[in-house]
Amino acid sequence: MGTFGVESDLRPSSVESRVEAQTGTGSIFQWKRIELVEFPAEGRMELWNWLMQFPKANFDDQSPKTLEEFERFFPLLTAGNRQLSGVRIDGALLGAIGFEELSPGLGALRGIIFDKSTHGSGAPLEAVRMLLARAWANGYRKIEAEVFASNRRVFAFLKKLGAVYEGTRAAHALQDGKPIDMRMIAFFPEAL
C-alpha cells in the first residue's frame, strides 16, 4: 500500500464515499448518474463480455483466451497496489477502470472497459474524469497508460481527457504472433 492510501482513498467502501456525476446525455444512451464503486466479484462475467465485444482492442497474446483462464486471471486485477473500480451508470454495472499505484504520486491506468451500449454517450469519459479527479485530490502527480498503437479510438478518447503522448514502444507486445507497438500516454493534474 502506497503513501497515498489507494485502498482507503481511491476505492469507495460505502455509499457515502462514492463519487457521482448527475448529468449527461448521448444520442443513443442517456444517463443521469455515474458512481465509481469497488468492482463486485459477481460482475466478472459482465467484465469478460465487455472485453469480448472488442477483443483486438483489449487482448494481446499474453491475455486470457477463455472464460476459464479469465476466471483464474481475475484476482490479479486487484492484487498488490492494483484496484478495479466498477462504474455504475444509473445503477447498472456497465464499466470498469483498472488502476495501479506504481510509487508515491505515480499511478497507471490498467484498463478501461465499458459495455458498447455506453459508447458515444459521454458516460465513460465522465467516469474516467471522475477517477482522475480523485487521484489528483489524493496527491498523484502523474497517471500513465499504455494503448495498442492500432487502437486509434481509445487513443482519441484518452486525448479528449487531456492525455499527453509520451512516445511509442516499438514491438512491445504480440497479437496473433506479430509484434505490435504500444503508445505511451500520461495525464497530469493541470490538464483537467
# chains A, B, ... in the order shown; residues from 1 in each chain; ligands from 1

call {"tool": "select_by_dssp", "arguments": {"residues": "range 129-191 of chain A", "states": "alpha helix (DSSP H)", "output": "ChimeraX atom specification"}}
result
/A:129-137,152-160

call {"tool": "closest_atom_pairs", "arguments": {"of": "range 115-173 of chain A", "to": "range 76-93 of chain A", "cutoff": "9 Å", "atoms": "only C-alpha atoms", "output": "CSV"}}
result
residue,atom,partner,partner_atom,distance
A:Ala123,CA,A:Ile89,CA,7.5
A:Pro124,CA,A:Val87,CA,8.5
A:Ala127,CA,A:Val87,CA,7.0
A:Leu131,CA,A:Ser85,CA,8.8

call {"tool": "write_last_selection", "arguments": {"atoms": "N, CA and C atoms", "output": "mmCIF file, in the first residue's frame"}}
result
data_model
loop_
_atom_site.group_PDB
_atom_site.id
_atom_site.type_symbol
_atom_site.label_atom_id
_atom_site.label_comp_id
_atom_site.auth_asym_id
_atom_site.auth_seq_id
_atom_site.Cartn_x
_atom_site.Cartn_y
_atom_site.Cartn_z
ATOM 1 N N ALA A 123 -20.707 9.008 -20.911
ATOM 2 C CA ALA A 123 -20.605 8.404 -19.583
ATOM 3 C C ALA A 123 -19.210 7.821 -19.319
ATOM 4 N N PRO A 124 -18.605 7.059 -20.251
ATOM 5 C CA PRO A 124 -17.245 6.576 -19.979
ATOM 6 C C PRO A 124 -16.251 7.721 -19.779
ATOM 7 N N ALA A 127 -16.730 9.064 -16.312
ATOM 8 C CA ALA A 127 -16.267 8.131 -15.274
ATOM 9 C C ALA A 127 -14.747 8.179 -15.133
ATOM 10 N N LEU A 131 -12.390 9.426 -11.895
ATOM 11 C CA LEU A 131 -11.299 8.674 -11.296
ATOM 12 C C LEU A 131 -10.021 9.504 -11.266
#

call {"tool": "closest_atom_pairs", "arguments": {"of": "range 58-170 of chain A", "to": "range 182-192 of chain A", "cutoff": "6 Å", "atoms": "only C-alpha atoms", "output": "CSV"}}
result
residue,atom,partner,partner_atom,distance
A:Trp136,CA,A:Pro189,CA,5.9
A:Lys142,CA,A:Phe188,CA,5.0
A:Ile143,CA,A:Phe187,CA,5.1
A:Glu144,CA,A:Ala186,CA,4.1
A:Ala145,CA,A:Ile185,CA,5.4
A:Glu146,CA,A:Met184,CA,4.8
A:Val147,CA,A:Arg183,CA,5.1
A:Phe148,CA,A:Met182,CA,4.6
A:Ala149,CA,A:Met182,CA,4.9
A:Gly162,CA,A:Ala191,CA,5.3
A:Ala163,CA,A:Phe187,CA,4.9
A:Val164,CA,A:Ala186,CA,5.2
A:Tyr165,CA,A:Ile185,CA,4.5
A:Glu166,CA,A:Ile185,CA,5.2
A:Gly167,CA,A:Met184,CA,5.3
A:Thr168,CA,A:Arg183,CA,4.5
A:Arg169,CA,A:Met182,CA,5.1

call {"tool": "write_last_selection", "arguments": {"atoms": "C-alpha atoms", "output": "tab-separated table (two decimals), in the first residue's frame"}}
result
chain	number	residue	atom	x	y	z
A	136	TRP	CA	-5.33	14.34	-8.14
A	142	LYS	CA	1.10	11.68	-12.92
A	143	ILE	CA	-1.07	8.84	-14.22
A	144	GLU	CA	0.27	6.84	-17.16
A	145	ALA	CA	-1.26	4.33	-19.55
A	146	GLU	CA	-0.31	2.13	-22.49
A	147	VAL	CA	-2.53	1.75	-25.55
A	148	PHE	CA	-2.17	-0.56	-28.55
A	149	ALA	CA	-0.90	1.77	-31.31
A	162	GLY	CA	-6.16	15.62	-21.62
A	163	ALA	CA	-3.69	12.77	-22.13
A	164	VAL	CA	-0.22	13.74	-23.32
A	165	TYR	CA	1.51	11.45	-25.84
A	166	GLU	CA	4.90	10.42	-24.42
A	167	GLY	CA	6.18	8.04	-27.09
A	168	THR	CA	5.87	4.66	-28.75
A	169	ARG	CA	7.30	1.37	-27.55

call {"tool": "select_by_dssp", "arguments": {"residues": "range 20-87 of chain A", "states": "strand (DSSP E or B)", "output": "count of residues only"}}
result
13

call {"tool": "residues_around", "arguments": {"residues": "Gly43 in chain A", "least_positions_apart": "3", "cutoff": "10 Å", "atoms": "only C-alpha atoms", "output": "tab-separated table (two decimals) with C-alpha atoms, in the first residue's frame"}}
result
chain	number	residue	atom	x	y	z
A	39	PHE	CA	-15.85	-3.79	-8.65
A	40	PRO	CA	-18.11	-6.61	-7.44
A	46	GLU	CA	-20.05	-8.87	-17.43
A	47	LEU	CA	-16.40	-7.77	-17.49
A	48	TRP	CA	-15.49	-10.75	-19.70
A	86	GLY	CA	-16.76	-0.66	-11.19
A	93	LEU	CA	-22.82	-2.01	-13.71
A	94	LEU	CA	-21.65	-1.05	-17.23
A	95	GLY	CA	-17.90	-0.46	-16.96
A	96	ALA	CA	-14.63	-0.92	-15.13

call {"tool": "residues_around", "arguments": {"residues": "Asn151 in chain A", "least_positions_apart": "4", "cutoff": "12 Å", "atoms": "only C-alpha atoms", "output": "PDB file with N, CA and C atoms, in the first residue's frame"}}
result
ATOM      1  N   PHE A  54     -14.801  -6.217 -28.140  1.00  0.00           N
ATOM      2  CA  PHE A  54     -13.728  -5.698 -28.990  1.00  0.00           C
ATOM      3  C   PHE A  54     -12.415  -6.393 -28.609  1.00  0.00           C
ATOM      4  N   PRO A  55     -12.279  -7.687 -28.900  1.00  0.00           N
ATOM      5  CA  PRO A  55     -11.103  -8.421 -28.420  1.00  0.00           C
ATOM      6  C   PRO A  55      -9.767  -7.878 -28.931  1.00  0.00           C
ATOM      7  N   LYS A  56      -9.689  -7.414 -30.159  1.00  0.00           N
ATOM      8  CA  LYS A  56      -8.418  -6.889 -30.690  1.00  0.00           C
ATOM      9  C   LYS A  56      -7.988  -5.613 -29.972  1.00  0.00           C
ATOM     10  N   ALA A  57      -8.944  -4.885 -29.427  1.00  0.00           N
ATOM     11  CA  ALA A  57      -8.634  -3.664 -28.691  1.00  0.00           C
ATOM     12  C   ALA A  57      -8.214  -3.961 -27.247  1.00  0.00           C
ATOM     13  N   ASN A  58      -8.495  -5.182 -26.776  1.00  0.00           N
ATOM     14  CA  ASN A  58      -8.292  -5.494 -25.368  1.00  0.00           C
ATOM     15  C   ASN A  58      -7.262  -6.577 -25.068  1.00  0.00           C
ATOM     16  N   PHE A  59      -6.945  -7.428 -26.039  1.00  0.00           N
ATOM     17  CA  PHE A  59      -6.108  -8.586 -25.749  1.00  0.00           C
ATOM     18  C   PHE A  59      -4.864  -8.650 -26.614  1.00  0.00           C
ATOM     19  N   GLU A 146      -0.780   2.662 -21.223  1.00  0.00           N
ATOM     20  CA  GLU A 146      -0.306   2.133 -22.495  1.00  0.00           C
ATOM     21  C   GLU A 146      -1.528   1.771 -23.331  1.00  0.00           C
ATOM     22  N   VAL A 147      -1.427   2.034 -24.629  1.00  0.00           N
ATOM     23  CA  VAL A 147      -2.529   1.747 -25.552  1.00  0.00           C
ATOM     24  C   VAL A 147      -1.947   1.072 -26.787  1.00  0.00           C
ATOM     25  N   PHE A 155      -7.116   5.861 -28.132  1.00  0.00           N
ATOM     26  CA  PHE A 155      -6.129   6.941 -28.065  1.00  0.00           C
ATOM     27  C   PHE A 155      -6.835   8.301 -28.145  1.00  0.00           C
ATOM     28  N   ALA A 156      -7.790   8.442 -29.064  1.00  0.00           N
ATOM     29  CA  ALA A 156      -8.557   9.694 -29.196  1.00  0.00           C
ATOM     30  C   ALA A 156      -9.387   9.957 -27.933  1.00  0.00           C
ATOM     31  N   PHE A 157      -9.969   8.918 -27.367  1.00  0.00           N
ATOM     32  CA  PHE A 157     -10.745   9.023 -26.127  1.00  0.00           C
ATOM     33  C   PHE A 157      -9.866   9.594 -25.003  1.00  0.00           C
ATOM     34  N   LEU A 158      -8.659   9.042 -24.862  1.00  0.00           N
ATOM     35  CA  LEU A 158      -7.753   9.500 -23.807  1.00  0.00           C
ATOM     36  C   LEU A 158      -7.274  10.925 -24.058  1.00  0.00           C
ATOM     37  N   ILE A 180       3.534  -5.816 -32.066  1.00  0.00           N
ATOM     38  CA  ILE A 180       2.740  -4.591 -32.185  1.00  0.00           C
ATOM     39  C   ILE A 180       3.337  -3.515 -31.289  1.00  0.00           C
ATOM     40  N   ASP A 181       3.121  -2.273 -31.692  1.00  0.00           N
ATOM     41  CA  ASP A 181       3.612  -1.134 -30.932  1.00  0.00           C
ATOM     42  C   ASP A 181       2.588  -0.721 -29.879  1.00  0.00           C
ATOM     43  N   MET A 182       3.116  -0.100 -28.832  1.00  0.00           N
ATOM     44  CA  MET A 182       2.272   0.456 -27.780  1.00  0.00           C
ATOM     45  C   MET A 182       2.546   1.950 -27.692  1.00  0.00           C
ATOM     46  N   ARG A 183       1.485   2.748 -27.591  1.00  0.00           N
ATOM     47  CA  ARG A 183       1.627   4.190 -27.356  1.00  0.00           C
ATOM     48  C   ARG A 183       1.609   4.433 -25.855  1.00  0.00           C
TER      49      ARG A 183
END

call {"tool": "residues_around", "arguments": {"residues": "Arg129 in chain A", "least_positions_apart": "3", "cutoff": "8 Å", "atoms": "only C-alpha atoms", "output": "VMD selection string"}}
result
chain A and resid 125 to 126 132 to 133 161 192

call {"tool": "decode", "arguments": {"residues": "range 6-139 of chain A", "atoms": "C-alpha atoms", "output": "PDB file, in the first residue's frame"}}
result
ATOM      1  CA  VAL A   6      -5.022   3.559  -2.624  1.00  0.00           C
ATOM      2  CA  GLU A   7      -7.370   1.324  -0.695  1.00  0.00           C
ATOM      3  CA  SER A   8      -8.925   3.985   1.518  1.00  0.00           C
ATOM      4  CA  ASP A   9      -8.868   6.922  -0.893  1.00  0.00           C
ATOM      5  CA  LEU A  10      -9.473   5.534  -4.373  1.00  0.00           C
ATOM      6  CA  ARG A  11     -11.644   2.529  -3.617  1.00  0.00           C
ATOM      7  CA  PRO A  12     -15.032   3.504  -2.256  1.00  0.00           C
ATOM      8  CA  SER A  13     -16.237   1.220   0.505  1.00  0.00           C
ATOM      9  CA  SER A  14     -19.551   2.812   1.315  1.00  0.00           C
ATOM     10  CA  VAL A  15     -22.341   4.760  -0.355  1.00  0.00           C
ATOM     11  CA  GLU A  16     -21.151   7.944   1.341  1.00  0.00           C
ATOM     12  CA  SER A  17     -17.715   7.784  -0.302  1.00  0.00           C
ATOM     13  CA  ARG A  18     -18.929   7.278  -3.855  1.00  0.00           C
ATOM     14  CA  VAL A  19     -18.198   9.986  -6.404  1.00  0.00           C
ATOM     15  CA  GLU A  20     -21.201  10.868  -8.543  1.00  0.00           C
ATOM     16  CA  ALA A  21     -21.921  12.870 -11.678  1.00  0.00           C
ATOM     17  CA  GLN A  22     -25.508  13.962 -12.040  1.00  0.00           C
ATOM     18  CA  THR A  23     -25.957  14.982 -15.682  1.00  0.00           C
ATOM     19  CA  GLY A  24     -25.261  13.741 -19.192  1.00  0.00           C
ATOM     20  CA  THR A  25     -26.878  12.738 -22.434  1.00  0.00           C
ATOM     21  CA  GLY A  26     -25.887  10.829 -25.532  1.00  0.00           C
ATOM     22  CA  SER A  27     -27.501  10.236 -28.887  1.00  0.00           C
ATOM     23  CA  ILE A  28     -28.256   6.564 -28.127  1.00  0.00           C
ATOM     24  CA  PHE A  29     -27.640   6.042 -24.429  1.00  0.00           C
ATOM     25  CA  GLN A  30     -28.764   8.656 -21.917  1.00  0.00           C
ATOM     26  CA  TRP A  31     -27.666   8.756 -18.315  1.00  0.00           C
ATOM     27  CA  LYS A  32     -28.265  10.778 -15.171  1.00  0.00           C
ATOM     28  CA  ARG A  33     -25.934   9.345 -12.523  1.00  0.00           C
ATOM     29  CA  ILE A  34     -22.485   7.750 -12.505  1.00  0.00           C
ATOM     30  CA  GLU A  35     -20.904   6.067  -9.497  1.00  0.00           C
ATOM     31  CA  LEU A  36     -17.411   4.651  -9.054  1.00  0.00           C
ATOM     32  CA  VAL A  37     -17.657   1.605  -6.790  1.00  0.00           C
ATOM     33  CA  GLU A  38     -15.422  -1.272  -5.824  1.00  0.00           C
ATOM     34  CA  PHE A  39     -15.852  -3.786  -8.646  1.00  0.00           C
ATOM     35  CA  PRO A  40     -18.106  -6.606  -7.440  1.00  0.00           C
ATOM     36  CA  ALA A  41     -16.667 -10.127  -7.817  1.00  0.00           C
ATOM     37  CA  GLU A  42     -20.037 -11.259  -9.154  1.00  0.00           C
ATOM     38  CA  GLY A  43     -19.544  -8.857 -12.096  1.00  0.00           C
ATOM     39  CA  ARG A  44     -16.741 -10.993 -13.595  1.00  0.00           C
ATOM     40  CA  MET A  45     -18.959 -12.366 -16.374  1.00  0.00           C
ATOM     41  CA  GLU A  46     -20.051  -8.868 -17.433  1.00  0.00           C
ATOM     42  CA  LEU A  47     -16.404  -7.769 -17.492  1.00  0.00           C
ATOM     43  CA  TRP A  48     -15.489 -10.752 -19.701  1.00  0.00           C
ATOM     44  CA  ASN A  49     -18.395  -9.973 -22.042  1.00  0.00           C
ATOM     45  CA  TRP A  50     -17.340  -6.297 -22.382  1.00  0.00           C
ATOM     46  CA  LEU A  51     -13.780  -7.367 -23.182  1.00  0.00           C
ATOM     47  CA  MET A  52     -15.038  -9.791 -25.826  1.00  0.00           C
ATOM     48  CA  GLN A  53     -17.047  -7.049 -27.600  1.00  0.00           C
ATOM     49  CA  PHE A  54     -13.728  -5.698 -28.990  1.00  0.00           C
ATOM     50  CA  PRO A  55     -11.103  -8.421 -28.420  1.00  0.00           C
ATOM     51  CA  LYS A  56      -8.418  -6.889 -30.690  1.00  0.00           C
ATOM     52  CA  ALA A  57      -8.634  -3.664 -28.691  1.00  0.00           C
ATOM     53  CA  ASN A  58      -8.292  -5.494 -25.368  1.00  0.00           C
ATOM     54  CA  PHE A  59      -6.108  -8.586 -25.749  1.00  0.00           C
ATOM     55  CA  ASP A  60      -2.557  -9.422 -26.738  1.00  0.00           C
ATOM     56  CA  ASP A  61      -1.142 -12.939 -26.936  1.00  0.00           C
ATOM     57  CA  GLN A  62      -0.458 -13.000 -23.185  1.00  0.00           C
ATOM     58  CA  SER A  63      -4.095 -12.259 -22.278  1.00  0.00           C
ATOM     59  CA  PRO A  64      -6.595 -14.887 -21.142  1.00  0.00           C
ATOM     60  CA  LYS A  65      -8.111 -16.729 -24.130  1.00  0.00           C
ATOM     61  CA  THR A  66     -11.058 -18.427 -22.453  1.00  0.00           C
ATOM     62  CA  LEU A  67     -13.530 -17.641 -19.698  1.00  0.00           C
ATOM     63  CA  GLU A  68     -11.810 -20.260 -17.525  1.00  0.00           C
ATOM     64  CA  GLU A  69      -8.419 -18.540 -17.994  1.00  0.00           C
ATOM     65  CA  PHE A  70     -10.052 -15.183 -17.241  1.00  0.00           C
ATOM     66  CA  GLU A  71     -11.539 -16.581 -14.009  1.00  0.00           C
ATOM     67  CA  ARG A  72      -8.005 -17.546 -12.887  1.00  0.00           C
ATOM     68  CA  PHE A  73      -6.644 -14.133 -14.009  1.00  0.00           C
ATOM     69  CA  PHE A  74      -9.358 -12.013 -12.335  1.00  0.00           C
ATOM     70  CA  PRO A  75      -7.812 -11.941  -8.788  1.00  0.00           C
ATOM     71  CA  LEU A  76      -4.650 -10.362 -10.251  1.00  0.00           C
ATOM     72  CA  LEU A  77      -6.680  -7.274 -11.193  1.00  0.00           C
ATOM     73  CA  THR A  78      -6.808  -6.309  -7.515  1.00  0.00           C
ATOM     74  CA  ALA A  79      -3.513  -7.782  -6.257  1.00  0.00           C
ATOM     75  CA  GLY A  80      -0.904  -5.619  -4.550  1.00  0.00           C
ATOM     76  CA  ASN A  81      -1.351  -1.917  -5.342  1.00  0.00           C
ATOM     77  CA  ARG A  82      -3.922  -2.649  -8.065  1.00  0.00           C
ATOM     78  CA  GLN A  83      -7.598  -1.928  -7.828  1.00  0.00           C
ATOM     79  CA  LEU A  84     -10.579  -2.325 -10.108  1.00  0.00           C
ATOM     80  CA  SER A  85     -13.351   0.253  -9.915  1.00  0.00           C
ATOM     81  CA  GLY A  86     -16.762  -0.661 -11.191  1.00  0.00           C
ATOM     82  CA  VAL A  87     -18.737   2.023 -12.971  1.00  0.00           C
ATOM     83  CA  ARG A  88     -22.449   2.103 -12.266  1.00  0.00           C
ATOM     84  CA  ILE A  89     -24.483   4.177 -14.675  1.00  0.00           C
ATOM     85  CA  ASP A  90     -27.969   4.851 -13.330  1.00  0.00           C
ATOM     86  CA  GLY A  91     -27.454   1.878 -11.013  1.00  0.00           C
ATOM     87  CA  ALA A  92     -26.373  -0.652 -13.674  1.00  0.00           C
ATOM     88  CA  LEU A  93     -22.821  -2.014 -13.714  1.00  0.00           C
ATOM     89  CA  LEU A  94     -21.648  -1.048 -17.226  1.00  0.00           C
ATOM     90  CA  GLY A  95     -17.899  -0.464 -16.959  1.00  0.00           C
ATOM     91  CA  ALA A  96     -14.631  -0.919 -15.131  1.00  0.00           C
ATOM     92  CA  ILE A  97     -11.415   1.052 -14.713  1.00  0.00           C
ATOM     93  CA  GLY A  98      -8.204  -0.577 -13.513  1.00  0.00           C
ATOM     94  CA  PHE A  99      -5.682   1.472 -11.548  1.00  0.00           C
ATOM     95  CA  GLU A 100      -2.297   0.728 -10.011  1.00  0.00           C
ATOM     96  CA  GLU A 101      -0.134   2.815  -7.717  1.00  0.00           C
ATOM     97  CA  LEU A 102       3.405   2.458  -9.102  1.00  0.00           C
ATOM     98  CA  SER A 103       5.110   4.639  -6.490  1.00  0.00           C
ATOM     99  CA  PRO A 104       4.039   7.548  -4.282  1.00  0.00           C
ATOM    100  CA  GLY A 105       2.428  10.112  -6.588  1.00  0.00           C
ATOM    101  CA  LEU A 106       2.679   7.943  -9.711  1.00  0.00           C
ATOM    102  CA  GLY A 107      -0.156   5.740 -10.917  1.00  0.00           C
ATOM    103  CA  ALA A 108      -1.183   3.836 -14.022  1.00  0.00           C
ATOM    104  CA  LEU A 109      -4.485   3.098 -15.672  1.00  0.00           C
ATOM    105  CA  ARG A 110      -4.625  -0.680 -16.107  1.00  0.00           C
ATOM    106  CA  GLY A 111      -7.572  -0.981 -18.432  1.00  0.00           C
ATOM    107  CA  ILE A 112     -10.695   0.980 -19.218  1.00  0.00           C
ATOM    108  CA  ILE A 113     -13.659  -1.058 -20.430  1.00  0.00           C
ATOM    109  CA  PHE A 114     -17.320  -0.209 -20.913  1.00  0.00           C
ATOM    110  CA  ASP A 115     -20.259  -2.016 -22.438  1.00  0.00           C
ATOM    111  CA  LYS A 116     -20.561  -0.874 -26.050  1.00  0.00           C
ATOM    112  CA  SER A 117     -24.077   0.438 -25.348  1.00  0.00           C
ATOM    113  CA  THR A 118     -22.438   3.330 -23.453  1.00  0.00           C
ATOM    114  CA  HIS A 119     -20.038   4.329 -26.244  1.00  0.00           C
ATOM    115  CA  GLY A 120     -20.660   7.840 -27.532  1.00  0.00           C
ATOM    116  CA  SER A 121     -22.812   8.759 -24.522  1.00  0.00           C
ATOM    117  CA  GLY A 122     -20.155  10.672 -22.614  1.00  0.00           C
ATOM    118  CA  ALA A 123     -20.605   8.404 -19.583  1.00  0.00           C
ATOM    119  CA  PRO A 124     -17.245   6.576 -19.979  1.00  0.00           C
ATOM    120  CA  LEU A 125     -15.490   9.926 -20.439  1.00  0.00           C
ATOM    121  CA  GLU A 126     -17.093  11.289 -17.276  1.00  0.00           C
ATOM    122  CA  ALA A 127     -16.267   8.131 -15.274  1.00  0.00           C
ATOM    123  CA  VAL A 128     -12.560   8.273 -16.180  1.00  0.00           C
ATOM    124  CA  ARG A 129     -12.553  12.018 -15.474  1.00  0.00           C
ATOM    125  CA  MET A 130     -14.000  11.257 -12.027  1.00  0.00           C
ATOM    126  CA  LEU A 131     -11.299   8.674 -11.296  1.00  0.00           C
ATOM    127  CA  LEU A 132      -8.560  11.080 -12.392  1.00  0.00           C
ATOM    128  CA  ALA A 133     -10.019  13.877 -10.258  1.00  0.00           C
ATOM    129  CA  ARG A 134      -9.980  11.555  -7.253  1.00  0.00           C
ATOM    130  CA  ALA A 135      -6.341  10.652  -7.974  1.00  0.00           C
ATOM    131  CA  TRP A 136      -5.332  14.339  -8.141  1.00  0.00           C
ATOM    132  CA  ALA A 137      -7.194  15.012  -4.889  1.00  0.00           C
ATOM    133  CA  ASN A 138      -5.143  12.217  -3.295  1.00  0.00           C
ATOM    134  CA  GLY A 139      -1.801  13.678  -4.305  1.00  0.00           C
TER     135      GLY A 139
END
